Structures are given as C-alpha cells and as structure tokens.
>>> print(open('input.cif').read())   # mmCIF, C-alpha atoms (C1' of nucleotides)
data_target
#
loop_
_atom_site.label_atom_id
_atom_site.label_comp_id
_atom_site.auth_asym_id
_atom_site.auth_seq_id
_atom_site.Cartn_x
_atom_site.Cartn_y
_atom_site.Cartn_z
CA MET A 293 -36.35 18.39 17.05
CA SER A 294 -34.49 18.34 20.29
CA SER A 295 -31.28 20.29 20.60
CA ARG A 296 -30.88 24.00 21.13
CA THR A 297 -27.70 23.90 19.12
CA GLY A 298 -26.95 27.48 19.98
CA SER A 299 -26.11 26.48 23.52
CA VAL A 300 -23.32 24.08 22.56
CA PRO A 301 -19.98 25.89 22.11
CA GLY A 302 -18.66 23.32 19.62
CA VAL A 303 -21.64 23.85 17.35
CA GLU A 304 -21.08 27.58 17.49
CA ARG A 305 -17.47 27.10 16.47
CA PHE A 306 -18.55 24.92 13.57
CA ARG A 307 -21.01 27.59 12.49
CA GLU A 308 -18.21 30.16 12.50
CA PHE A 309 -16.00 27.83 10.49
CA LEU A 310 -18.73 27.37 7.87
CA ASN A 311 -19.29 31.11 7.63
CA GLU A 312 -15.59 31.84 7.35
CA TYR A 313 -15.24 29.50 4.36
CA ASN A 314 -18.59 30.41 2.82
CA HIS A 315 -20.06 26.98 3.32
CA PRO A 316 -23.83 26.98 3.78
CA VAL A 317 -25.05 26.33 7.30
CA THR A 318 -27.57 23.53 6.82
CA PRO A 319 -29.76 21.80 9.38
CA GLN A 320 -28.10 18.47 8.56
CA ARG A 321 -24.64 19.83 9.36
CA LEU A 322 -25.84 21.30 12.61
CA ARG A 323 -27.53 18.04 13.61
CA VAL A 324 -24.39 16.00 13.08
CA ALA A 325 -22.31 18.55 14.98
CA ALA A 326 -24.82 18.82 17.82
CA LEU A 327 -24.90 15.05 18.23
CA LEU A 328 -21.11 14.79 18.32
CA PHE A 329 -20.65 17.67 20.74
CA GLY A 330 -23.41 16.32 22.93
CA THR A 331 -21.85 12.91 23.50
CA HIS A 332 -18.83 11.67 25.37
CA ASP A 333 -18.66 8.45 23.38
CA HIS A 334 -16.36 7.60 20.54
CA ILE A 335 -19.01 6.99 17.90
CA SER A 336 -18.89 5.70 14.34
CA ALA A 337 -20.44 7.26 11.25
CA ASP A 338 -23.06 4.54 11.27
CA GLU A 339 -23.97 5.19 14.90
CA ILE A 340 -24.43 8.85 14.02
CA VAL A 341 -26.83 7.87 11.25
CA GLN A 342 -28.74 5.53 13.58
CA ARG A 343 -29.04 7.95 16.47
CA LEU A 344 -30.19 10.80 14.28
CA ARG A 345 -32.76 8.54 12.66
CA VAL A 346 -34.06 7.48 16.06
CA SER A 347 -34.37 11.05 17.28
CA GLY A 348 -36.36 11.91 14.15
CA ASP A 349 -33.59 14.03 12.63
CA ALA A 350 -32.55 11.59 9.90
CA VAL A 351 -29.52 12.63 7.84
CA GLY A 352 -28.23 10.71 4.83
CA LYS A 353 -25.13 8.60 5.34
CA ALA A 354 -23.23 10.42 2.61
CA THR A 355 -23.99 13.74 4.25
CA VAL A 356 -22.77 12.42 7.58
CA TYR A 357 -19.44 11.43 6.05
CA ARG A 358 -19.16 14.76 4.26
CA THR A 359 -19.92 16.64 7.47
CA LEU A 360 -17.34 14.61 9.37
CA ASP A 361 -14.80 15.74 6.78
CA LEU A 362 -15.71 19.35 7.41
CA LEU A 363 -15.51 18.92 11.18
CA LEU A 364 -12.10 17.29 10.82
CA LYS A 365 -10.86 20.11 8.59
CA ALA A 366 -12.20 22.57 11.14
CA GLY A 367 -10.17 20.74 13.77
CA LEU A 368 -13.26 20.28 15.89
CA ILE A 369 -13.28 16.49 16.04
CA ARG A 370 -10.71 13.68 16.17
CA GLU A 371 -10.81 10.52 14.10
CA HIS A 372 -9.77 7.12 15.45
CA ASP A 373 -9.19 3.69 14.01
CA PHE A 374 -9.09 1.07 16.71
CA GLY A 375 -8.78 -1.75 14.19
CA GLU A 376 -12.46 -2.64 14.24
CA GLY A 377 -13.01 -2.15 10.52
CA PHE A 378 -14.57 1.29 10.84
CA ARG A 379 -13.61 4.67 12.32
CA ARG A 380 -14.80 6.42 15.41
CA TYR A 381 -15.10 10.13 16.08
CA GLU A 382 -15.04 12.29 19.17
CA PRO A 383 -15.25 16.03 19.81
CA CYS A 384 -11.89 17.73 20.38
CA PRO A 385 -12.55 20.99 22.07
CA ALA A 386 -14.07 19.48 25.17
CA ARG A 387 -10.98 17.98 26.70
CA PRO A 388 -7.27 18.52 26.33
CA HIS A 389 -5.24 16.12 24.23
CA HIS A 390 -5.48 12.61 25.57
CA GLU A 391 -4.73 8.98 24.72
CA HIS A 392 -6.85 5.84 24.80
CA LEU A 393 -7.16 2.58 26.66
CA VAL A 394 -9.25 0.16 24.60
CA CYS A 395 -10.78 -3.01 26.00
CA VAL A 396 -10.24 -5.77 23.45
CA ARG A 397 -13.29 -7.66 24.76
CA CYS A 398 -16.13 -5.16 25.18
CA GLY A 399 -14.73 -2.26 23.16
CA LYS A 400 -14.94 0.18 26.05
CA VAL A 401 -12.71 3.20 25.57
CA ILE A 402 -11.15 5.06 28.49
CA GLU A 403 -9.29 8.30 28.03
CA PHE A 404 -6.17 9.36 29.86
CA GLU A 405 -3.67 12.15 29.65
CA SER A 406 -0.01 11.97 30.34
CA ALA A 407 2.42 14.83 30.26
CA ALA A 408 5.18 12.26 30.14
CA PHE A 409 3.91 10.94 26.78
CA GLU A 410 3.74 14.45 25.39
CA ARG A 411 7.29 15.10 26.43
CA LEU A 412 8.53 11.83 25.00
CA GLN A 413 6.93 12.53 21.62
CA THR A 414 8.94 15.72 21.20
CA GLU A 415 12.08 14.06 22.45
CA VAL A 416 11.88 11.06 20.12
CA ALA A 417 10.84 13.11 17.07
CA THR A 418 13.69 15.55 17.55
CA LEU A 419 16.14 12.70 17.91
CA HIS A 420 15.10 11.38 14.49
CA ARG A 421 14.93 14.85 12.92
CA PHE A 422 11.15 14.65 12.53
CA GLU A 423 8.86 17.63 12.74
CA PRO A 424 6.08 16.10 14.85
CA SER A 425 2.48 17.02 14.03
CA HIS A 426 0.47 14.62 16.12
CA HIS A 427 0.68 11.24 17.74
CA LYS A 428 -1.39 8.31 18.91
CA VAL A 429 -0.93 6.20 21.96
CA GLU A 430 -3.31 3.30 22.35
CA ILE A 431 -3.09 0.69 25.05
CA TYR A 432 -5.11 -2.46 24.41
CA GLY A 433 -6.08 -4.90 27.10
CA GLU A 434 -8.95 -6.12 29.23
CA CYS A 435 -10.93 -3.79 31.46
CA GLU A 436 -11.72 -4.69 35.05
CA GLU A 437 -15.15 -6.17 34.24
CA CYS A 438 -13.95 -8.26 31.31
CA HIS A 439 -10.82 -9.55 33.00
CA ASN A 440 -12.51 -12.45 34.85
CA MET B 193 13.09 -19.55 -7.35
CA SER B 194 15.42 -17.61 -5.18
CA SER B 195 15.36 -18.10 -1.42
CA ARG B 196 16.95 -20.88 0.56
CA THR B 197 14.21 -20.58 3.14
CA GLY B 198 15.98 -22.94 5.45
CA SER B 199 18.55 -20.28 6.24
CA VAL B 200 16.04 -17.74 7.58
CA PRO B 201 15.30 -18.30 11.27
CA GLY B 202 11.80 -16.79 11.03
CA VAL B 203 10.86 -19.24 8.30
CA GLU B 204 12.11 -22.12 10.42
CA ARG B 205 9.98 -20.94 13.31
CA PHE B 206 6.95 -20.75 11.02
CA ARG B 207 7.63 -24.26 9.83
CA GLU B 208 7.70 -25.47 13.43
CA PHE B 209 4.44 -23.66 14.14
CA LEU B 210 2.76 -25.33 11.16
CA ASN B 211 4.01 -28.74 12.23
CA GLU B 212 2.91 -28.24 15.80
CA TYR B 213 -0.65 -27.46 14.73
CA ASN B 214 -0.71 -30.01 11.91
CA HIS B 215 -1.02 -27.40 9.21
CA PRO B 216 0.51 -28.48 5.91
CA VAL B 217 3.77 -26.81 4.99
CA THR B 218 3.12 -25.53 1.49
CA PRO B 219 5.46 -23.70 -0.88
CA GLN B 220 3.08 -20.70 -0.90
CA ARG B 221 3.24 -20.35 2.86
CA LEU B 222 7.00 -20.57 2.85
CA ARG B 223 7.27 -17.99 0.08
CA VAL B 224 5.17 -15.45 1.94
CA ALA B 225 7.11 -16.05 5.14
CA ALA B 226 10.47 -15.90 3.40
CA LEU B 227 9.56 -12.58 1.77
CA LEU B 228 8.43 -11.07 5.07
CA PHE B 229 11.43 -12.27 7.02
CA GLY B 230 13.73 -11.12 4.27
CA THR B 231 12.63 -7.49 4.26
CA HIS B 232 12.97 -4.62 6.69
CA ASP B 233 10.03 -2.74 5.20
CA HIS B 234 6.53 -2.49 6.53
CA ILE B 235 4.76 -4.00 3.53
CA SER B 236 1.11 -4.45 2.61
CA ALA B 237 -0.64 -7.62 1.48
CA ASP B 238 -0.78 -6.21 -2.02
CA GLU B 239 2.95 -5.48 -2.06
CA ILE B 240 3.57 -9.07 -1.03
CA VAL B 241 1.47 -10.27 -3.97
CA GLN B 242 3.32 -7.93 -6.35
CA ARG B 243 6.82 -8.80 -5.20
CA LEU B 244 6.17 -12.53 -5.31
CA ARG B 245 4.72 -12.22 -8.79
CA VAL B 246 7.78 -10.28 -9.94
CA SER B 247 10.18 -12.85 -8.53
CA GLY B 248 8.30 -15.59 -10.34
CA ASP B 249 6.85 -17.09 -7.16
CA ALA B 250 3.26 -15.90 -7.67
CA VAL B 251 0.88 -16.63 -4.79
CA GLY B 252 -2.85 -15.90 -4.86
CA LYS B 253 -4.05 -12.87 -2.93
CA ALA B 254 -6.43 -14.94 -0.80
CA THR B 255 -3.60 -17.26 0.15
CA VAL B 256 -1.44 -14.30 1.11
CA TYR B 257 -4.15 -13.01 3.45
CA ARG B 258 -4.67 -16.48 4.90
CA THR B 259 -0.95 -16.92 5.45
CA LEU B 260 -0.72 -13.52 7.14
CA ASP B 261 -3.39 -14.74 9.56
CA LEU B 262 -1.31 -17.78 10.38
CA LEU B 263 1.83 -15.73 10.87
CA LEU B 264 -0.07 -13.38 13.16
CA LYS B 265 -1.44 -16.29 15.19
CA ALA B 266 2.07 -17.69 15.40
CA GLY B 267 3.18 -14.34 16.77
CA LEU B 268 5.82 -14.08 14.08
CA ILE B 269 4.66 -10.83 12.46
CA ARG B 270 3.02 -7.58 13.57
CA GLU B 271 0.12 -5.86 11.85
CA HIS B 272 -0.14 -2.09 11.50
CA ASP B 273 -2.77 0.34 10.38
CA PHE B 274 -1.28 3.75 9.70
CA GLY B 275 -4.59 5.11 8.44
CA GLU B 276 -3.74 4.66 4.76
CA GLY B 277 -6.73 2.46 3.97
CA PHE B 278 -4.80 -0.80 4.11
CA ARG B 279 -2.63 -2.67 6.60
CA ARG B 280 1.09 -3.19 6.73
CA TYR B 281 3.04 -6.11 8.13
CA GLU B 282 6.52 -6.57 9.54
CA PRO B 283 8.43 -9.48 11.04
CA CYS B 284 8.52 -9.51 14.83
CA PRO B 285 11.32 -11.74 15.86
CA ALA B 286 14.01 -9.65 14.26
CA ARG B 287 13.91 -6.70 16.59
CA PRO B 288 12.60 -6.08 20.10
CA HIS B 289 9.28 -4.33 20.58
CA HIS B 290 9.36 -0.88 19.07
CA GLU B 291 7.15 2.04 18.09
CA HIS B 292 6.84 4.02 14.87
CA LEU B 293 7.49 7.46 13.46
CA VAL B 294 5.47 7.92 10.27
CA CYS B 295 6.13 10.68 7.74
CA VAL B 296 2.77 12.07 6.69
CA ARG B 297 4.22 13.20 3.35
CA CYS B 298 6.31 10.35 1.94
CA GLY B 299 5.04 7.52 4.14
CA LYS B 300 8.51 6.64 5.40
CA VAL B 301 8.41 4.63 8.62
CA ILE B 302 11.15 4.83 11.22
CA GLU B 303 11.26 2.52 14.20
CA PHE B 304 12.31 3.46 17.68
CA GLU B 305 12.27 1.86 21.08
CA SER B 306 11.72 3.51 24.38
CA ALA B 307 11.85 1.86 27.75
CA ALA B 308 10.03 4.91 29.08
CA PHE B 309 7.00 4.15 26.89
CA GLU B 310 6.97 0.55 28.05
CA ARG B 311 7.03 1.62 31.65
CA LEU B 312 4.29 4.19 31.13
CA GLN B 313 1.98 1.63 29.52
CA THR B 314 2.05 -0.57 32.61
CA GLU B 315 1.66 2.41 34.89
CA VAL B 316 -1.37 3.86 33.08
CA ALA B 317 -3.08 0.49 32.60
CA THR B 318 -2.74 -0.39 36.25
CA LEU B 319 -4.10 2.97 37.27
CA HIS B 320 -7.26 2.25 35.26
CA ARG B 321 -7.45 -1.36 36.36
CA PHE B 322 -6.72 -2.64 32.88
CA GLU B 323 -4.84 -5.82 32.13
CA PRO B 324 -2.62 -4.56 29.30
CA SER B 325 -1.95 -6.89 26.38
CA HIS B 326 -0.27 -4.65 23.87
CA HIS B 327 0.01 -1.04 22.85
CA LYS B 328 0.70 1.21 19.92
CA VAL B 329 2.61 4.44 19.86
CA GLU B 330 2.71 6.28 16.58
CA ILE B 331 4.18 9.70 16.05
CA TYR B 332 3.17 11.40 12.82
CA GLY B 333 5.05 14.29 11.30
CA GLU B 334 7.42 15.30 8.54
CA CYS B 335 10.77 13.63 8.09
CA GLU B 336 13.90 15.67 7.51
CA GLU B 337 13.71 15.42 3.69
CA CYS B 338 10.03 16.32 3.45
CA HIS B 339 10.15 19.17 5.95
CA ASN B 340 10.98 22.08 3.56
"C1'" DT C 285 -32.13 33.08 -8.54
"C1'" DT C 286 -28.11 30.34 -8.15
"C1'" DC C 287 -24.62 27.55 -6.74
"C1'" DA C 288 -23.63 24.38 -3.37
"C1'" DA C 289 -25.77 20.65 -0.32
"C1'" DT C 290 -28.47 16.61 0.04
"C1'" DG C 291 -29.52 11.73 -0.49
"C1'" DC C 292 -30.10 7.84 -2.96
"C1'" DA C 293 -27.83 4.38 -5.36
"C1'" DA C 294 -23.81 2.91 -7.54
"C1'" DA C 295 -18.86 2.65 -7.38
"C1'" DG C 296 -14.35 1.82 -4.97
"C1'" DC C 297 -11.14 -0.71 -2.12
"C1'" DA C 298 -9.14 -3.76 1.08
"C1'" DT C 299 -10.31 -7.88 2.91
"C1'" DT C 300 -13.04 -12.24 3.36
"C1'" DT C 301 -15.52 -16.17 1.68
"C1'" DG C 302 -17.47 -20.00 -1.51
"C1'" DC C 303 -16.24 -23.58 -4.11
"C1'" DA C 304 -14.05 -26.57 -7.53
"C1'" DT C 305 -9.50 -28.20 -8.01
"C1'" DC C 306 -5.04 -29.51 -6.31
"C1'" DC C 307 -1.52 -31.40 -3.34
"C1'" DA C 308 1.18 -32.34 1.17
"C1'" DA C 309 1.47 -36.01 4.12
"C1'" DT D 65 -5.82 -41.64 -0.47
"C1'" DT D 66 -7.69 -37.63 1.72
"C1'" DG D 67 -8.53 -33.62 4.33
"C1'" DG D 68 -6.90 -29.35 4.08
"C1'" DA D 69 -4.76 -25.63 0.88
"C1'" DT D 70 -5.04 -22.97 -3.21
"C1'" DG D 71 -6.87 -19.45 -6.26
"C1'" DC D 72 -10.20 -17.49 -8.82
"C1'" DA D 73 -14.25 -14.89 -8.58
"C1'" DA D 74 -17.94 -13.30 -5.99
"C1'" DA D 75 -19.33 -11.28 -1.63
"C1'" DT D 76 -18.71 -8.10 2.20
"C1'" DG D 77 -18.53 -3.82 4.71
"C1'" DC D 78 -16.93 0.80 5.20
"C1'" DT D 79 -16.36 4.83 2.68
"C1'" DT D 80 -16.61 7.74 -1.49
"C1'" DT D 81 -18.69 9.44 -5.66
"C1'" DG D 82 -22.20 10.58 -9.53
"C1'" DC D 83 -26.11 12.87 -10.34
"C1'" DA D 84 -30.82 14.60 -10.15
"C1'" DT D 85 -33.21 17.25 -6.81
"C1'" DT D 86 -33.46 20.53 -3.04
"C1'" DG D 87 -32.57 24.53 -0.41
"C1'" DA D 88 -29.55 28.29 1.91
"C1'" DA D 89 -28.22 32.84 1.01
#
>>> encode(input="input.cif", output="structure tokens")
Amino acid sequence: MSSRTGSVPGVERFREFLNEYNHPVTPQRLRVAALLFGTHDHISADEIVQRLRVSGDAVGKATVYRTLDLLLKAGLIREHDFGEGFRRYEPCPARPHHEHLVCVRCGKVIEFESAAFERLQTEVATLHRFEPSHHKVEIYGECEECHN
Amino acid sequence: MSSRTGSVPGVERFREFLNEYNHPVTPQRLRVAALLFGTHDHISADEIVQRLRVSGDAVGKATVYRTLDLLLKAGLIREHDFGEGFRRYEPCPARPHHEHLVCVRCGKVIEFESAAFERLQTEVATLHRFEPSHHKVEIYGECEECHN
DNA sequence: TTCAATGCAAAGCATTTGCATCCAA
DNA sequence: TTGGATGCAAATGCTTTGCATTGAA
C-alpha cells in the first residue's frame, strides 16, 4: 500500500459522496480515486488497471469502470474522447474548467483556459435558444517537439 | 435506382479523386457518396447502410466503412464523435467550417460558425507552440423543445 | 447478518479484417 | 484479363453485464 488517501481532498469528497448515497466505501474505490487525484495525466481505464497492478493494489477492470461511473456521477472527474478508440479521465476539482490541445503525433495533451471561449459558449447557445450544460473545445495539431 | 449522381458536385469531386489515385469508380462508392452529399444530417455508418437498403441500393457495411475512409482521405466529408458510441459523418464542401450545438436529450445537431473561435484557435495554439491542424468545438445542452 | 461490491468471464457494439468471389478498366 | 473491390462472416478492442463469491456496515 502506498497512498494516505485521507490527505487527498478529492478522495475525501468521493468518500462523502459515497456516504451521502449509502454506497459502501471499499478499498478498491478509494484506490481508483486516489490514483486519479494523484495524477495530472489524462489516463485511460486500462492505464488505471495497469498502474494499480504495478503498485500492488490490483483492482478488477470491471470495478474500475464501475468506479469511474461513480466518480463521474459525483462530478469529481471529467471524461474525454480524443478519437483514439478509448476514453481518458482526469480529476475535475484540481483546476478550473479548461480546454485541450492534443498532439496528433505523440498524444501529448496540454490544458488551457480561455475566458473568451466561455463567453462565446453562452453567446452562441443563447442565440440558438439552447440551454447550455457543458462544452468541449479541442485543438489538434503538432506539438513543438513533433513538428520537425 | 434514384440519384443522377452526375448532378451532385460532391460526387463529381469524389469521382475525380478516385481517378487521380487510380481507384476504381464503383456503383457502391457512388451510392454512398451520393447519399452523403444529398443529406444535411449528420448520419452514422449504420444509417447509411439502412437508408441505402431501403432505397434498393444495398451496400455492404464493410464497403460503407471503406468508402467513408476514402471520402475522409479525399477531404470531402467530416467525421464526428458526439460520445454516443458511434461516429457520424457529414459532407464538407457544402458549407464552410463550422462547429456544433448538440442537444443532450433528443440528439438534434445545430451548426454554427464563429470567426471568433477560428481566431482563438490560432492564438491559443501559437501561445503553446503548437502547429494547429484542426479543432472541434461542441456545445452540449438542451434545445428549445427539450428544455421544459 | 445482509445486501451491495467485486472480479472473472462472457456478452455487446461499432469498427476492422480475412478471404473467396466479382467486376471496373 | 486482372488487380483491386465487394460482402459476408469472423475478429478486434473497448466497455458493459451476469453471476457466484466476498466483504462493508
């Protein structure tokens, strides 16, 4: 075992969420949450399985997917599909809302925020009589290292 | 049979692309192209198979996927993943580059363009030393009919 | 004790691939 | 005539589900 999960705020929030909805707090759930809240990467379900296995805290793949569902419902993580054939996840609470730059060669993901984008979302949605809930802005291209 | 494919500009452009790369011009390829260039929807591979079957121009699913690849390589269609578990396609040449508003209830897709978004993409990419190739802006929410 | 969680394996789906047959050029 | 296209069915890869077992409360 490695993580003192109690010290990670995100894990605490997940614990509260589980209590609130009378979902058992299991070691597997805490491990998945601790891993997610302890990384800055945008990792896939499979990477979660791998990393937990390596650190000796193996959790079944099905349980990982089920825990990701819970974390999504709790609003504690964000789900992404960058068109790679699988989804990636990142913790929410850490940083404010942000968008992504994705390198089409090496897969590197860089985050950025832009108040202008936020403003434009509201503007455009209102114009089309939409009630906006969320949005995605992804810019694809080549990062400095990959671009010759 | 229904379509006089010769009258649709997109189909003509596809024909030229096939000739240029010495790919045979087959009736199946023309049918898929004609369907795509004749609709304003954002349709899935499966919908293409269904609609062609209904109109008596059945084309195998594998051929549809293979033709979509060609159309993508030709730059004549755009591919979208709105997180529904499958991809949607739309003709490119018809309209200038645009973004999407997606109703999370009924799945309706509305297109919009915004010069401001285009400008911001370049700005942000340059800031992070990215060479931008393309981008996606999707705003999710409830359309007027679905919102109450 | 008890009801939900776990984890394996099987099932589901969209998409891709293998291969025998067919056809555009 | 012939190399590539077609289309069925099988394979793939991510994700979900069924079910017997385990464990949190």
>>> interface_residues(input="input.cif", of="chain B", to="chain A", cutoff="12 Å", atoms="only C-alpha atoms", output="ChimeraX atom specification")
/B:271-279,291-297,300-340
>>> resolve_selection(input="input.cif", expression="the PyMOL selection byres ((chain D) within 8 of (chain B))", output="VMD selection string")
chain D and resid 68 to 71
>>> closest_residue(input="input.cif", among="C:DC297, C:DC287, C:DC292, C:DC306", to="chain B", atoms="all atoms listed in the file")
C:DC297
>>> resolve_selection(input="input.cif", expression="the PyMOL selection byres ((chain D and resi 75) around 8)", output="ChimeraX atom specification")
/C:301 /D:74,76
>>> closest_atom_pairs(input="input.cif", of="chain C", to="chain B", cutoff="10 Å", atoms="all atoms listed in the file", output="CSV")
residue,atom,partner,partner_atom,distance
C:DC297,C1',B:Gly277,CA,8.2
C:DA298,C1',B:Phe278,CA,6.1
C:DT299,C1',B:Tyr257,CA,8.0
C:DT300,C1',B:Ala254,CA,8.3
C:DT301,C1',B:Ala254,CA,9.5
C:DC307,C1',B:Thr218,CA,8.9
C:DA308,C1',B:Pro216,CA,6.1
C:DA309,C1',B:Pro216,CA,7.8
>>> write_last_selection(input="input.cif", atoms="C-alpha atoms (C1' of nucleotides)", output="mmCIF file, in the coordinates of the input")
data_model
loop_
_atom_site.group_PDB
_atom_site.id
_atom_site.type_symbol
_atom_site.label_atom_id
_atom_site.label_comp_id
_atom_site.auth_asym_id
_atom_site.auth_seq_id
_atom_site.Cartn_x
_atom_site.Cartn_y
_atom_site.Cartn_z
ATOM 1 C "C1'" DC C 297 -11.140 -0.710 -2.120
ATOM 2 C "C1'" DA C 298 -9.140 -3.760 1.080
ATOM 3 C "C1'" DT C 299 -10.310 -7.880 2.910
ATOM 4 C "C1'" DT C 300 -13.040 -12.240 3.360
ATOM 5 C "C1'" DT C 301 -15.520 -16.170 1.680
ATOM 6 C "C1'" DC C 307 -1.520 -31.400 -3.340
ATOM 7 C "C1'" DA C 308 1.180 -32.340 1.170
ATOM 8 C "C1'" DA C 309 1.470 -36.010 4.120
#
>>> residues_near_point(input="input.cif", point="(-23.1, 6.2, -9.3)", cutoff="6 Å", atoms="all atoms listed in the file", output="VMD selection string")
(chain C and resid 294 to 295) or (chain D and resid 82)
>>> atom_distance(input="input.cif", atom1="C1' of DC78 in chain D", atom2="CA of His334 in chain A")
16.8 Å
>>> residues_around(input="input.cif", residues="DT286 in chain C", least_positions_apart="4", cutoff="12 Å", atoms="only C-alpha atoms (C1' of nucleotides)", output="ChimeraX atom specification")
/D:87-89
>>> write_last_selection(input="input.cif", atoms="C-alpha atoms (C1' of nucleotides)", output="PDB file, in the frame of the given file")
ATOM      1  C1'  DG D  87     -32.570  24.530  -0.410  1.00  0.00           C
ATOM      2  C1'  DA D  88     -29.550  28.290   1.910  1.00  0.00           C
ATOM      3  C1'  DA D  89     -28.220  32.840   1.010  1.00  0.00           C
TER       4       DA D  89
END
>>> atom_distance(input="input.cif", atom1="CA of Ile369 in chain A", atom2="CA of Cys384 in chain A")
4.7 Å
>>> resolve_selection(input="input.cif", expression="the PyMOL selection byres ((chain D and resi 80) around 8)", output="list in words")
DG296 of chain C; DT79 and DT81 of chain D
>>> closest_residue(input="input.cif", among="A:Glu382, A:Asp361, A:Val356, A:His332", to="DG291 in chain C", atoms="all atoms listed in the file")
A:Val356
>>> atom_distance(input="input.cif", atom1="C1' of DA73 in chain D", atom2="CA of Arg280 in chain B")
24.6 Å
>>> decode(input="input.cif", residues="range 323-349 of chain A", atoms="N, CA and C atoms", output="tab-separated table (two decimals), in the first residue's frame")
chain	number	residue	atom	x	y	z
A	323	ARG	N	-8.79	3.27	-3.99
A	323	ARG	CA	-7.56	3.16	-4.76
A	323	ARG	C	-7.69	3.84	-6.11
A	324	VAL	N	-8.82	3.58	-6.78
A	324	VAL	CA	-9.03	4.20	-8.09
A	324	VAL	C	-9.07	5.72	-7.93
A	325	ALA	N	-9.80	6.19	-6.93
A	325	ALA	CA	-9.90	7.64	-6.71
A	325	ALA	C	-8.55	8.24	-6.38
A	326	ALA	N	-7.81	7.56	-5.50
A	326	ALA	CA	-6.51	8.10	-5.08
A	326	ALA	C	-5.57	8.20	-6.28
A	327	LEU	N	-5.60	7.18	-7.14
A	327	LEU	CA	-4.73	7.23	-8.32
A	327	LEU	C	-5.09	8.41	-9.20
A	328	LEU	N	-6.39	8.57	-9.47
A	328	LEU	CA	-6.83	9.66	-10.34
A	328	LEU	C	-6.49	11.02	-9.76
A	329	PHE	N	-6.73	11.20	-8.48
A	329	PHE	CA	-6.50	12.51	-7.88
A	329	PHE	C	-5.01	12.77	-7.64
A	330	GLY	N	-4.22	11.71	-7.81
A	330	GLY	CA	-2.79	11.88	-7.59
A	330	GLY	C	-2.00	12.05	-8.88
A	331	THR	N	-2.71	12.13	-10.01
A	331	THR	CA	-2.01	12.28	-11.28
A	331	THR	C	-2.46	13.52	-12.01
A	332	HIS	N	-1.63	14.03	-12.87
A	332	HIS	CA	-2.03	15.18	-13.67
A	332	HIS	C	-2.26	14.74	-15.11
A	333	ASP	N	-2.11	13.44	-15.36
A	333	ASP	CA	-2.30	12.93	-16.71
A	333	ASP	C	-3.77	12.79	-17.05
A	334	HIS	N	-4.01	12.49	-18.31
A	334	HIS	CA	-5.35	12.16	-18.76
A	334	HIS	C	-5.27	10.67	-19.04
A	335	ILE	N	-5.63	9.84	-18.06
A	335	ILE	CA	-5.40	8.41	-18.21
A	335	ILE	C	-6.65	7.63	-18.59
A	336	SER	N	-6.40	6.47	-19.20
A	336	SER	CA	-7.49	5.60	-19.65
A	336	SER	C	-7.80	4.58	-18.56
A	337	ALA	N	-8.95	3.91	-18.71
A	337	ALA	CA	-9.34	2.88	-17.75
A	337	ALA	C	-8.26	1.81	-17.69
A	338	ASP	N	-7.73	1.46	-18.85
A	338	ASP	CA	-6.72	0.41	-18.88
A	338	ASP	C	-5.45	0.83	-18.15
A	339	GLU	N	-5.06	2.08	-18.32
A	339	GLU	CA	-3.87	2.57	-17.62
A	339	GLU	C	-4.08	2.53	-16.12
A	340	ILE	N	-5.30	2.79	-15.69
A	340	ILE	CA	-5.60	2.73	-14.26
A	340	ILE	C	-5.40	1.30	-13.77
A	341	VAL	N	-5.92	0.36	-14.54
A	341	VAL	CA	-5.76	-1.05	-14.17
A	341	VAL	C	-4.28	-1.42	-14.08
A	342	GLN	N	-3.52	-1.03	-15.11
A	342	GLN	CA	-2.08	-1.33	-15.15
A	342	GLN	C	-1.35	-0.75	-13.94
A	343	ARG	N	-1.53	0.55	-13.74
A	343	ARG	CA	-0.79	1.22	-12.68
A	343	ARG	C	-1.11	0.66	-11.31
A	344	LEU	N	-2.38	0.32	-11.09
A	344	LEU	CA	-2.74	-0.23	-9.78
A	344	LEU	C	-2.13	-1.62	-9.62
A	345	ARG	N	-2.06	-2.35	-10.71
A	345	ARG	CA	-1.48	-3.69	-10.65
A	345	ARG	C	0.00	-3.57	-10.29
A	346	VAL	N	0.68	-2.65	-10.96
A	346	VAL	CA	2.10	-2.44	-10.72
A	346	VAL	C	2.37	-2.07	-9.26
A	347	SER	N	1.53	-1.18	-8.73
A	347	SER	CA	1.78	-0.73	-7.36
A	347	SER	C	1.27	-1.74	-6.33
A	348	GLY	N	0.86	-2.92	-6.81
A	348	GLY	CA	0.44	-3.96	-5.87
A	348	GLY	C	-0.98	-3.80	-5.34
A	349	ASP	N	-1.73	-2.85	-5.92
A	349	ASP	CA	-3.10	-2.62	-5.45
A	349	ASP	C	-4.11	-3.03	-6.52
